[in-house]
Structure formats: C-alpha cells, structure tokens
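Structure, as structure tokens:
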Amino acid sequence: MVKVTICMGSSCFSRGNNQNLEAVRNWLTANDKMASVELKGCRCGGHCGDGPNVWINETCHSGVTPEAVPALLEAAFAEA
C-alpha cells in the first residue's frame, strides 16, 4: 500500500496543494489505484517555506506541482 499525505496547512494549500489533491485523486481514479493507497491530509508538515509539500511513503517532496504528481505516483506504485 502506498501512503500519500498532502499538507493542507495554509501555506501549502494556497501555494497549490488544493490543485495537487485534485491531481492525486484524478490519477488514482484513472489508474484504478484508490484501493491501493492510504490518502490523507495533514495540517502542517513543518516545511512551509519549501511547499507545497506532499509525502509519499515517508519521503517529503517539496515544490510539488500538479504536473509532477503523475510521475511521483507512478514511481511510488512501481516500488510498491
């Protein structure tokens, strides 16, 4: 199971994690992976200056854009 945590703190949310959440959900749905992921949000991951931040399997990815989401998820599921 792949774990994805999206920071929903005000800094990350306003910098684009609102769009990243949509990109994650769209990718998971399109690739039939919703049952294979633990998707959750957090209030603040403590890396505000580097955001928007997304954790995949305990690795923090900073400066994530919706365009980067598919490659991040593909890599995570390839390793799982």
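Ligands are numbered from 1 in the order shown, residues from 1 within each chain, and chains are lettered A, B, ... in the order they appear in the structure tokens.
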
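The shell of residues at most 9 Å from His61 of chain A, with only C-alpha atoms counted and near chain neighbours (fewer than 6 positions) removed, consists of A:Gly51, A:Pro52, A:Asn53, A:Val54, A:Trp55, A:Leu72.
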
Okay, now the selection with C-alpha atoms, as an mmCIF file, in the first residue's frame?
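Saved result, selection00.cif, follows:
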```
data_model
loop_
_atom_site.group_PDB
_atom_site.id
_atom_site.type_symbol
_atom_site.label_atom_id
_atom_site.label_comp_id
_atom_site.auth_asym_id
_atom_site.auth_seq_id
_atom_site.Cartn_x
_atom_site.Cartn_y
_atom_site.Cartn_z
ATOM 1 C CA GLY A 51 5.875 23.939 -0.135
ATOM 2 C CA PRO A 52 3.629 22.787 -1.434
ATOM 3 C CA ASN A 53 4.688 19.539 0.217
ATOM 4 C CA VAL A 54 3.467 16.015 -0.419
ATOM 5 C CA TRP A 55 4.750 12.961 1.434
ATOM 6 C CA LEU A 72 5.660 10.823 -8.362
#
```

Discussion item. If we count only C-alpha atoms and set the cut-off at 12 Å, which residues sit around Cys12 of chain A, ignoring sequence neighbours fewer than 3 positions away in its own chain? Please answer as a ChimeraX atom specification.
Written reply: /A:6-9,15-21,41-54,61-65

Practice prompt. From segment 13-57 of chain A, collect each residue whose DSSP state is strand (DSSP E) and return the set as a VMD selection string.
Written response: chain A and resid 37 to 42 54 to 56

Item to complete: Run DSSP on the backbone and give me the residues of chain A it puts in alpha helix (DSSP H), as a VMD selection string.
Response: chain A and resid 10 to 12 18 to 30 69 to 79

Worksheet entry | Within 12 Å of Glu74 of chain A using only C-alpha atoms, minus same-chain residues under 6 positions, as a ChimeraX atom specification | /A:2,24,27-28,31,33,56,68,80

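For the pair atom CA of Met34 of chain A and atom CA of Ser10 of chain A, the separation is 25.9 Å.
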
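With only C-alpha atoms as the atoms that count, the residue of A:Phe13, A:Glu67, A:Asn57, A:Ala30 with the shortest distance to Met1 of chain A is A:Asn57.
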
Fill in: Selected residue, from A:Ser11, A:Glu22, A:Asp32, A:Ala76, that lies nearest to Glu58 of chain A when counting only C-alpha atoms
A:Ala76
